[in-house]
>>> print(open('final11.txt').read())   # compact mmCIF, N, CA, C and O atoms
# COMPACT_ATOMS: atom_id res chain seq x y z
N MET A 1 -40.78 83.61 27.82
CA MET A 1 -39.73 82.92 27.14
C MET A 1 -38.40 83.47 27.62
O MET A 1 -38.27 84.64 27.93
N ASN A 2 -37.40 82.62 27.68
CA ASN A 2 -36.07 83.04 28.07
C ASN A 2 -35.19 83.27 26.84
O ASN A 2 -35.24 82.50 25.88
N TYR A 3 -34.40 84.31 26.90
CA TYR A 3 -33.41 84.61 25.87
C TYR A 3 -32.03 84.60 26.50
O TYR A 3 -31.79 85.32 27.47
N ALA A 4 -31.16 83.76 25.95
CA ALA A 4 -29.76 83.80 26.35
C ALA A 4 -29.11 84.93 25.55
O ALA A 4 -29.45 85.15 24.39
N TYR A 5 -28.22 85.65 26.17
CA TYR A 5 -27.57 86.76 25.47
C TYR A 5 -26.09 86.81 25.79
O TYR A 5 -25.62 86.33 26.82
N ILE A 6 -25.36 87.42 24.87
CA ILE A 6 -23.96 87.78 25.07
C ILE A 6 -23.84 89.24 24.63
O ILE A 6 -24.20 89.58 23.51
N LEU A 7 -23.36 90.07 25.52
CA LEU A 7 -23.12 91.48 25.23
C LEU A 7 -21.65 91.65 24.88
O LEU A 7 -20.78 91.23 25.65
N SER A 8 -21.38 92.23 23.71
CA SER A 8 -20.00 92.50 23.28
C SER A 8 -19.84 93.98 22.98
O SER A 8 -20.76 94.62 22.46
N GLN A 9 -18.69 94.49 23.33
CA GLN A 9 -18.41 95.92 23.14
C GLN A 9 -17.05 96.11 22.48
O GLN A 9 -16.16 95.27 22.61
N LEU A 10 -16.93 97.22 21.78
CA LEU A 10 -15.64 97.58 21.19
C LEU A 10 -14.78 98.26 22.25
O LEU A 10 -15.30 99.00 23.09
N PRO A 11 -13.47 98.05 22.20
CA PRO A 11 -12.61 98.84 23.08
C PRO A 11 -12.76 100.32 22.73
O PRO A 11 -12.97 100.67 21.57
N VAL A 12 -12.67 101.19 23.72
CA VAL A 12 -12.83 102.62 23.50
C VAL A 12 -11.80 103.13 22.49
O VAL A 12 -12.05 104.08 21.76
N SER A 13 -10.67 102.47 22.39
CA SER A 13 -9.62 102.88 21.45
C SER A 13 -9.95 102.54 19.99
O SER A 13 -9.31 103.06 19.07
N ASP A 14 -10.97 101.72 19.76
CA ASP A 14 -11.38 101.36 18.40
C ASP A 14 -12.12 102.53 17.76
O ASP A 14 -13.02 103.11 18.38
N ASP A 15 -11.76 102.89 16.54
CA ASP A 15 -12.38 104.03 15.85
C ASP A 15 -13.88 103.87 15.65
O ASP A 15 -14.59 104.85 15.43
N ARG A 16 -14.39 102.65 15.71
CA ARG A 16 -15.82 102.40 15.52
C ARG A 16 -16.63 102.57 16.80
O ARG A 16 -17.85 102.65 16.76
N CYS A 17 -15.95 102.62 17.93
CA CYS A 17 -16.63 102.67 19.22
C CYS A 17 -17.50 103.91 19.32
O CYS A 17 -17.07 105.02 19.02
N PHE A 18 -18.74 103.71 19.71
CA PHE A 18 -19.75 104.75 19.91
C PHE A 18 -20.27 105.38 18.61
O PHE A 18 -20.94 106.41 18.66
N LEU A 19 -19.97 104.77 17.46
CA LEU A 19 -20.54 105.26 16.20
C LEU A 19 -21.86 104.55 15.92
O LEU A 19 -21.99 103.36 16.19
N ASP A 20 -22.82 105.28 15.35
CA ASP A 20 -24.09 104.65 14.98
C ASP A 20 -23.91 103.80 13.72
O ASP A 20 -22.85 103.81 13.08
N TYR A 21 -24.95 103.05 13.39
CA TYR A 21 -24.90 102.11 12.28
C TYR A 21 -24.51 102.79 10.97
O TYR A 21 -23.60 102.34 10.27
N GLU A 22 -25.18 103.88 10.63
CA GLU A 22 -24.93 104.57 9.36
C GLU A 22 -23.49 105.08 9.28
O GLU A 22 -22.86 105.01 8.23
N SER A 23 -22.97 105.59 10.37
CA SER A 23 -21.60 106.09 10.37
C SER A 23 -20.59 104.97 10.16
O SER A 23 -19.63 105.12 9.42
N ILE A 24 -20.83 103.83 10.81
CA ILE A 24 -19.93 102.69 10.62
C ILE A 24 -19.97 102.21 9.18
O ILE A 24 -18.94 101.97 8.55
N VAL A 25 -21.17 102.08 8.62
CA VAL A 25 -21.30 101.63 7.23
C VAL A 25 -20.63 102.62 6.29
O VAL A 25 -19.91 102.23 5.36
N THR A 26 -20.84 103.90 6.52
CA THR A 26 -20.25 104.93 5.66
C THR A 26 -18.72 104.91 5.71
O THR A 26 -18.06 104.98 4.68
N HIS A 27 -18.16 104.80 6.89
CA HIS A 27 -16.71 104.91 7.05
C HIS A 27 -15.96 103.57 6.99
O HIS A 27 -14.77 103.56 6.66
N PHE A 28 -16.64 102.47 7.31
CA PHE A 28 -15.95 101.18 7.38
C PHE A 28 -16.57 100.10 6.48
O PHE A 28 -16.08 98.98 6.46
N GLY A 29 -17.65 100.42 5.78
CA GLY A 29 -18.26 99.48 4.84
C GLY A 29 -19.35 98.61 5.43
O GLY A 29 -20.34 98.34 4.77
N SER A 30 -19.19 98.16 6.66
CA SER A 30 -20.19 97.32 7.31
C SER A 30 -19.85 97.20 8.80
O SER A 30 -18.76 97.57 9.21
N VAL A 31 -20.79 96.66 9.55
CA VAL A 31 -20.52 96.37 10.96
C VAL A 31 -19.86 95.00 10.99
O VAL A 31 -20.46 94.00 10.60
N ASP A 32 -18.61 94.97 11.42
CA ASP A 32 -17.85 93.73 11.47
C ASP A 32 -17.64 93.36 12.94
O ASP A 32 -17.04 94.13 13.69
N PRO A 33 -18.14 92.19 13.37
CA PRO A 33 -18.00 91.80 14.77
C PRO A 33 -16.56 91.56 15.22
O PRO A 33 -16.29 91.46 16.41
N VAL A 34 -15.63 91.47 14.27
CA VAL A 34 -14.23 91.29 14.63
C VAL A 34 -13.75 92.51 15.42
O VAL A 34 -14.02 93.65 15.05
N GLY A 35 -13.10 92.26 16.52
CA GLY A 35 -12.60 93.34 17.36
C GLY A 35 -13.46 93.60 18.58
O GLY A 35 -13.03 94.30 19.50
N TYR A 36 -14.67 93.07 18.59
CA TYR A 36 -15.53 93.21 19.76
C TYR A 36 -15.03 92.27 20.86
O TYR A 36 -14.52 91.19 20.58
N VAL A 37 -15.21 92.69 22.09
CA VAL A 37 -14.80 91.87 23.22
C VAL A 37 -16.01 91.57 24.12
O VAL A 37 -16.93 92.37 24.23
N TYR A 38 -15.95 90.42 24.74
CA TYR A 38 -17.00 89.97 25.65
C TYR A 38 -17.14 90.97 26.80
O TYR A 38 -16.15 91.38 27.40
N ALA A 39 -18.38 91.35 27.08
CA ALA A 39 -18.66 92.22 28.22
C ALA A 39 -19.45 91.49 29.30
O ALA A 39 -19.16 91.64 30.49
N ASP A 40 -20.46 90.71 28.90
CA ASP A 40 -21.28 89.99 29.87
C ASP A 40 -22.21 89.04 29.13
O ASP A 40 -22.37 89.13 27.91
N ALA A 41 -22.83 88.15 29.88
CA ALA A 41 -23.78 87.19 29.31
C ALA A 41 -24.77 86.79 30.39
O ALA A 41 -24.53 87.00 31.58
N GLY A 42 -25.88 86.23 29.95
CA GLY A 42 -26.88 85.78 30.90
C GLY A 42 -28.17 85.39 30.21
O GLY A 42 -28.19 85.12 29.01
N ILE A 43 -29.23 85.42 30.99
CA ILE A 43 -30.57 85.07 30.53
C ILE A 43 -31.50 86.21 30.90
O ILE A 43 -31.42 86.75 32.00
N VAL A 44 -32.37 86.58 29.96
CA VAL A 44 -33.38 87.59 30.25
C VAL A 44 -34.73 87.03 29.79
O VAL A 44 -34.81 86.35 28.76
N GLU A 45 -35.77 87.27 30.58
CA GLU A 45 -37.11 86.80 30.24
C GLU A 45 -37.85 87.90 29.49
O GLU A 45 -37.90 89.05 29.92
N ALA A 46 -38.41 87.53 28.32
CA ALA A 46 -39.15 88.50 27.49
C ALA A 46 -40.02 87.74 26.51
O ALA A 46 -39.80 86.56 26.25
N ASP A 47 -41.02 88.43 25.96
CA ASP A 47 -41.91 87.81 24.99
C ASP A 47 -41.38 87.86 23.56
O ASP A 47 -41.73 87.03 22.73
N THR A 48 -40.54 88.85 23.26
CA THR A 48 -40.02 89.02 21.90
C THR A 48 -38.54 89.40 21.98
O THR A 48 -38.07 89.89 23.03
N PRO A 49 -37.81 89.23 20.89
CA PRO A 49 -36.41 89.68 20.89
C PRO A 49 -36.31 91.18 21.19
O PRO A 49 -35.42 91.60 21.95
N GLN A 50 -37.20 91.98 20.63
CA GLN A 50 -37.15 93.42 20.86
C GLN A 50 -37.34 93.76 22.34
O GLN A 50 -36.63 94.61 22.88
N GLU A 51 -38.26 93.07 22.99
CA GLU A 51 -38.47 93.29 24.43
C GLU A 51 -37.23 92.88 25.21
O GLU A 51 -36.82 93.55 26.16
N ALA A 52 -36.61 91.78 24.81
CA ALA A 52 -35.37 91.33 25.48
C ALA A 52 -34.28 92.38 25.36
O ALA A 52 -33.60 92.71 26.33
N LEU A 53 -34.13 92.94 24.16
CA LEU A 53 -33.11 93.97 23.94
C LEU A 53 -33.38 95.23 24.76
O LEU A 53 -32.46 95.81 25.34
N GLU A 54 -34.63 95.64 24.83
CA GLU A 54 -34.99 96.82 25.63
C GLU A 54 -34.71 96.57 27.11
O GLU A 54 -34.22 97.46 27.82
N LYS A 55 -35.01 95.36 27.58
CA LYS A 55 -34.73 95.03 28.98
C LYS A 55 -33.23 95.05 29.24
O LYS A 55 -32.77 95.55 30.28
N LEU A 56 -32.46 94.51 28.30
CA LEU A 56 -31.01 94.51 28.46
C LEU A 56 -30.46 95.93 28.49
O LEU A 56 -29.55 96.24 29.26
N PHE A 57 -31.00 96.79 27.63
CA PHE A 57 -30.55 98.19 27.62
C PHE A 57 -30.80 98.82 28.99
O PHE A 57 -29.94 99.53 29.52
N GLU A 58 -31.95 98.55 29.57
CA GLU A 58 -32.25 99.09 30.90
C GLU A 58 -31.32 98.50 31.95
O GLU A 58 -30.78 99.22 32.80
N ILE A 59 -31.10 97.19 31.89
CA ILE A 59 -30.22 96.53 32.86
C ILE A 59 -28.83 97.13 32.81
O ILE A 59 -28.23 97.44 33.85
N TYR A 60 -28.29 97.30 31.61
CA TYR A 60 -26.90 97.74 31.48
C TYR A 60 -26.74 99.27 31.44
O TYR A 60 -25.64 99.76 31.19
N ASN A 61 -27.81 99.99 31.73
CA ASN A 61 -27.72 101.43 31.85
C ASN A 61 -28.25 101.95 33.19
O ASN A 61 -27.80 102.99 33.65
N ILE A 62 -29.19 101.23 33.78
CA ILE A 62 -29.83 101.72 35.01
C ILE A 62 -29.61 100.76 36.18
O ILE A 62 -29.31 101.17 37.28
N ASN A 63 -29.76 99.46 35.91
CA ASN A 63 -29.71 98.46 36.98
C ASN A 63 -28.58 97.46 36.74
O ASN A 63 -28.81 96.26 36.61
N HIS A 64 -27.34 97.96 36.68
CA HIS A 64 -26.21 97.06 36.43
C HIS A 64 -26.22 95.89 37.40
O HIS A 64 -26.47 96.08 38.59
N PRO A 65 -25.94 94.68 36.89
CA PRO A 65 -25.77 93.54 37.80
C PRO A 65 -24.65 93.85 38.81
O PRO A 65 -23.68 94.55 38.48
N ALA A 66 -24.80 93.34 40.00
CA ALA A 66 -23.85 93.65 41.08
C ALA A 66 -22.41 93.30 40.71
O ALA A 66 -21.48 94.02 41.08
N ASP A 67 -22.20 92.25 39.94
CA ASP A 67 -20.85 91.81 39.61
C ASP A 67 -20.36 92.34 38.26
O ASP A 67 -19.26 92.01 37.82
N TYR A 68 -21.14 93.20 37.62
CA TYR A 68 -20.77 93.72 36.31
C TYR A 68 -19.80 94.89 36.46
O TYR A 68 -20.09 95.86 37.15
N GLU A 69 -18.67 94.81 35.79
CA GLU A 69 -17.66 95.85 35.91
C GLU A 69 -17.45 96.62 34.61
O GLU A 69 -16.59 97.50 34.55
N GLY A 70 -18.22 96.32 33.58
CA GLY A 70 -18.07 96.98 32.29
C GLY A 70 -18.78 98.32 32.25
O GLY A 70 -19.38 98.77 33.22
N ARG A 71 -18.72 98.94 31.07
CA ARG A 71 -19.38 100.22 30.90
C ARG A 71 -20.85 100.00 30.53
O ARG A 71 -21.27 98.89 30.21
N SER A 72 -21.62 101.06 30.55
CA SER A 72 -23.03 100.98 30.18
C SER A 72 -23.17 100.57 28.71
O SER A 72 -22.30 100.85 27.89
N MET A 73 -24.30 99.92 28.40
CA MET A 73 -24.57 99.57 27.00
C MET A 73 -24.76 100.86 26.22
O MET A 73 -25.41 101.79 26.70
N SER A 74 -24.15 100.90 25.05
CA SER A 74 -24.19 102.13 24.27
C SER A 74 -24.19 101.82 22.78
O SER A 74 -24.07 100.68 22.36
N VAL A 75 -24.31 102.89 22.01
CA VAL A 75 -24.25 102.80 20.55
C VAL A 75 -22.97 102.08 20.15
O VAL A 75 -21.91 102.34 20.73
N SER A 76 -23.10 101.16 19.22
CA SER A 76 -22.04 100.33 18.64
C SER A 76 -21.88 98.99 19.34
O SER A 76 -21.17 98.13 18.84
N ASP A 77 -22.55 98.77 20.48
CA ASP A 77 -22.47 97.47 21.13
C ASP A 77 -23.27 96.44 20.34
O ASP A 77 -24.20 96.79 19.61
N ILE A 78 -22.91 95.18 20.49
CA ILE A 78 -23.61 94.08 19.82
C ILE A 78 -24.13 93.11 20.87
O ILE A 78 -23.43 92.78 21.83
N VAL A 79 -25.36 92.64 20.66
CA VAL A 79 -25.96 91.64 21.52
C VAL A 79 -26.28 90.42 20.66
O VAL A 79 -26.91 90.54 19.61
N LYS A 80 -25.83 89.26 21.12
CA LYS A 80 -26.17 88.00 20.46
C LYS A 80 -27.28 87.36 21.28
O LYS A 80 -27.15 87.19 22.49
N LEU A 81 -28.42 87.08 20.62
CA LEU A 81 -29.59 86.52 21.31
C LEU A 81 -29.94 85.14 20.76
O LEU A 81 -29.88 84.92 19.55
N SER A 82 -30.33 84.25 21.65
CA SER A 82 -30.96 82.99 21.24
C SER A 82 -32.08 82.72 22.24
O SER A 82 -31.99 83.09 23.41
N SER A 83 -33.15 82.09 21.76
CA SER A 83 -34.33 81.86 22.62
C SER A 83 -34.48 80.39 22.97
O SER A 83 -33.85 79.52 22.37
N ASP A 84 -35.37 80.14 23.95
CA ASP A 84 -35.73 78.76 24.29
C ASP A 84 -36.23 78.02 23.07
O ASP A 84 -35.95 76.85 22.88
N GLU A 85 -37.01 78.73 22.24
CA GLU A 85 -37.63 78.10 21.07
C GLU A 85 -36.63 77.82 19.96
O GLU A 85 -36.80 76.89 19.18
N SER A 86 -35.60 78.63 19.86
CA SER A 86 -34.59 78.48 18.80
C SER A 86 -33.19 78.62 19.39
O SER A 86 -32.48 79.59 19.13
N PRO A 87 -32.75 77.64 20.21
CA PRO A 87 -31.46 77.80 20.89
C PRO A 87 -30.26 77.86 19.95
O PRO A 87 -29.21 78.38 20.32
N PHE A 88 -30.40 77.32 18.74
CA PHE A 88 -29.26 77.32 17.82
C PHE A 88 -29.29 78.50 16.86
O PHE A 88 -28.37 78.70 16.09
N CYS A 89 -30.36 79.29 16.91
CA CYS A 89 -30.47 80.49 16.08
C CYS A 89 -29.99 81.66 16.93
O CYS A 89 -30.64 82.05 17.89
N ARG A 90 -28.83 82.16 16.59
CA ARG A 90 -28.25 83.26 17.37
C ARG A 90 -28.18 84.50 16.50
O ARG A 90 -27.32 84.61 15.64
N ASP A 91 -29.10 85.40 16.76
CA ASP A 91 -29.16 86.64 15.99
C ASP A 91 -28.26 87.69 16.62
O ASP A 91 -28.18 87.81 17.85
N LEU A 92 -27.60 88.47 15.78
CA LEU A 92 -26.79 89.59 16.25
C LEU A 92 -27.59 90.87 16.09
O LEU A 92 -28.16 91.13 15.03
N TRP A 93 -27.60 91.68 17.13
CA TRP A 93 -28.31 92.95 17.14
C TRP A 93 -27.33 94.06 17.48
O TRP A 93 -26.58 93.97 18.45
N PHE A 94 -27.36 95.12 16.69
CA PHE A 94 -26.50 96.28 16.86
C PHE A 94 -27.27 97.35 17.63
O PHE A 94 -28.38 97.72 17.27
N CYS A 95 -26.67 97.86 18.70
CA CYS A 95 -27.28 98.93 19.47
C CYS A 95 -27.04 100.24 18.71
O CYS A 95 -25.91 100.72 18.62
N ASP A 96 -28.09 100.79 18.13
CA ASP A 96 -27.99 102.00 17.32
C ASP A 96 -28.35 103.21 18.17
O ASP A 96 -28.69 103.08 19.34
N SER A 97 -28.29 104.39 17.58
CA SER A 97 -28.60 105.61 18.34
C SER A 97 -30.04 105.62 18.82
O SER A 97 -30.36 106.20 19.85
N ILE A 98 -30.93 104.97 18.07
CA ILE A 98 -32.32 104.77 18.51
C ILE A 98 -32.67 103.32 18.21
O ILE A 98 -32.74 102.90 17.05
N GLY A 99 -32.83 102.53 19.23
CA GLY A 99 -33.23 101.14 19.06
C GLY A 99 -32.08 100.23 18.64
O GLY A 99 -30.91 100.56 18.80
N PHE A 100 -32.46 99.08 18.11
CA PHE A 100 -31.51 98.05 17.71
C PHE A 100 -31.74 97.67 16.26
O PHE A 100 -32.86 97.65 15.79
N LYS A 101 -30.66 97.32 15.58
CA LYS A 101 -30.73 96.92 14.18
C LYS A 101 -30.21 95.49 14.09
O LYS A 101 -29.10 95.20 14.54
N LYS A 102 -31.02 94.62 13.50
CA LYS A 102 -30.59 93.24 13.31
C LYS A 102 -29.54 93.19 12.21
O LYS A 102 -29.73 93.75 11.14
N LEU A 103 -28.43 92.55 12.51
CA LEU A 103 -27.35 92.44 11.54
C LEU A 103 -27.59 91.24 10.63
O LEU A 103 -28.06 90.19 11.09
N GLU A 104 -27.25 91.39 9.38
CA GLU A 104 -27.39 90.30 8.42
C GLU A 104 -26.35 89.23 8.74
O GLU A 104 -25.23 89.54 9.16
N ALA A 105 -26.73 87.99 8.49
CA ALA A 105 -25.80 86.88 8.70
C ALA A 105 -24.63 87.02 7.74
O ALA A 105 -24.80 87.39 6.59
N ARG A 106 -23.45 86.73 8.24
CA ARG A 106 -22.25 86.81 7.41
C ARG A 106 -21.93 85.41 6.89
O ARG A 106 -22.06 84.44 7.60
N THR A 107 -21.50 85.35 5.64
CA THR A 107 -21.15 84.05 5.07
C THR A 107 -19.66 83.87 5.04
O THR A 107 -18.90 84.78 5.21
>>> encode(input="final11.txt", output="structure tokens")
Amino acid sequence: MNYAYILSQLPVSDDRCFLDYESIVTHFGSVDPVGYVYADAGIVEADTPQEALEKLFEIYNINHPADYEGRSMSVSDIVKLSSDESPFCRDLWFCDSIGFKKLEART
């Protein structure tokens, strides 16, 4: 299955940059996507969202795309995923210190 993704990162000058989920919640109340900036987008093939996220982590830490000029994927980054099966369902995933945490939909 193919997953479309958008990788967003906080500017290094943002106080939330590189903080894990618990630290952001403790100090800022919640993870707010406002302030994140586009880093890259594309398609990754995987069987599950978790596998897609793990592949993206490897791509953006070990095998950067040739035209990618951003920094490595790190704690506090957000990935928006949608699949072939659910193209209109776009889940937000927070890159935590260990693994990824699915963010609750905001109303």
>>> atom_distance(input="final11.txt", atom1="atom N of Cys17 in chain A", atom2="atom C of Leu56 in chain A")
19.2 Å
>>> residues_around(input="final11.txt", residues="Val79 in chain A", least_positions_apart="6", cutoff="6 Å", atoms="all atoms listed in the file", output="JSON, numbers by chain")
{"A": [6, 7, 8, 91, 92, 93, 94, 95]}
>>> closest_residue(input="final11.txt", among="A:Asp32, A:Ser83, A:Ser76, A:Cys89", to="Asp20 in chain A", atoms="only C-alpha atoms")
A:Ser76
>>> select_by_dssp(input="final11.txt", residues="chain A", states="helix (DSSP H, G or I)", output="list of chain:residue names")
A:Tyr21, A:Glu22, A:Ser23, A:Ile24, A:Val25, A:Thr26, A:His27, A:Phe28, A:Pro49, A:Gln50, A:Glu51, A:Ala52, A:Leu53, A:Glu54, A:Lys55, A:Leu56, A:Phe57, A:Glu58, A:Ile59
>>> atom_distance(input="final11.txt", atom1="atom N of Leu53 in chain A", atom2="atom O of Thr26 in chain A")
28.0 Å
>>> atom_distance(input="final11.txt", atom1="CA of Ile43 in chain A", atom2="atom C of Ala4 in chain A")
5.2 Å
>>> closest_residue(input="final11.txt", among="A:Arg71, A:Glu85, A:Tyr3, A:Glu104", to="Val44 in chain A", atoms="only C-alpha atoms")
A:Tyr3
>>> residues_around(input="final11.txt", residues="Glu45 in chain A", least_positions_apart="2", cutoff="12 Å", atoms="only C-alpha atoms", output="NGL selection string")
:A and (1-5 or 42-43 or 47-56 or 81-84)
>>> decode(input="final11.txt", residues="range 36-64 of chain A", atoms="C-alpha atoms", output="PDB file, in the first residue's frame")
ATOM      1  CA  TYR A  36       5.347  23.963  11.975  1.00  0.00           C
ATOM      2  CA  VAL A  37       6.813  24.452   8.525  1.00  0.00           C
ATOM      3  CA  TYR A  38       6.831  22.180   5.502  1.00  0.00           C
ATOM      4  CA  ALA A  39      10.007  20.116   5.205  1.00  0.00           C
ATOM      5  CA  ASP A  40       9.199  17.520   2.521  1.00  0.00           C
ATOM      6  CA  ALA A  41       6.486  15.305   1.056  1.00  0.00           C
ATOM      7  CA  GLY A  42       6.171  12.179  -1.013  1.00  0.00           C
ATOM      8  CA  ILE A  43       4.963   8.610  -1.161  1.00  0.00           C
ATOM      9  CA  VAL A  44       6.262   5.654   0.824  1.00  0.00           C
ATOM     10  CA  GLU A  45       5.234   2.011   0.363  1.00  0.00           C
ATOM     11  CA  ALA A  46       4.353   0.128   3.558  1.00  0.00           C
ATOM     12  CA  ASP A  47       1.818  -2.326   4.960  1.00  0.00           C
ATOM     13  CA  THR A  48       0.830  -0.240   8.001  1.00  0.00           C
ATOM     14  CA  PRO A  49       1.053   3.387   9.124  1.00  0.00           C
ATOM     15  CA  GLN A  50       3.651   2.375  11.725  1.00  0.00           C
ATOM     16  CA  GLU A  51       5.821   0.737   9.067  1.00  0.00           C
ATOM     17  CA  ALA A  52       5.487   3.861   6.897  1.00  0.00           C
ATOM     18  CA  LEU A  53       6.624   6.052   9.791  1.00  0.00           C
ATOM     19  CA  GLU A  54       9.606   3.816  10.546  1.00  0.00           C
ATOM     20  CA  LYS A  55      10.623   3.883   6.876  1.00  0.00           C
ATOM     21  CA  LEU A  56      10.342   7.664   6.826  1.00  0.00           C
ATOM     22  CA  PHE A  57      12.485   7.921   9.953  1.00  0.00           C
ATOM     23  CA  GLU A  58      15.166   5.855   8.216  1.00  0.00           C
ATOM     24  CA  ILE A  59      14.890   7.870   5.002  1.00  0.00           C
ATOM     25  CA  TYR A  60      15.228  11.211   6.773  1.00  0.00           C
ATOM     26  CA  ASN A  61      18.051  10.088   9.048  1.00  0.00           C
ATOM     27  CA  ILE A  62      20.146   7.671   6.989  1.00  0.00           C
ATOM     28  CA  ASN A  63      19.140   7.837   3.316  1.00  0.00           C
ATOM     29  CA  HIS A  64      18.178  11.475   2.695  1.00  0.00           C
TER      30      HIS A  64
END
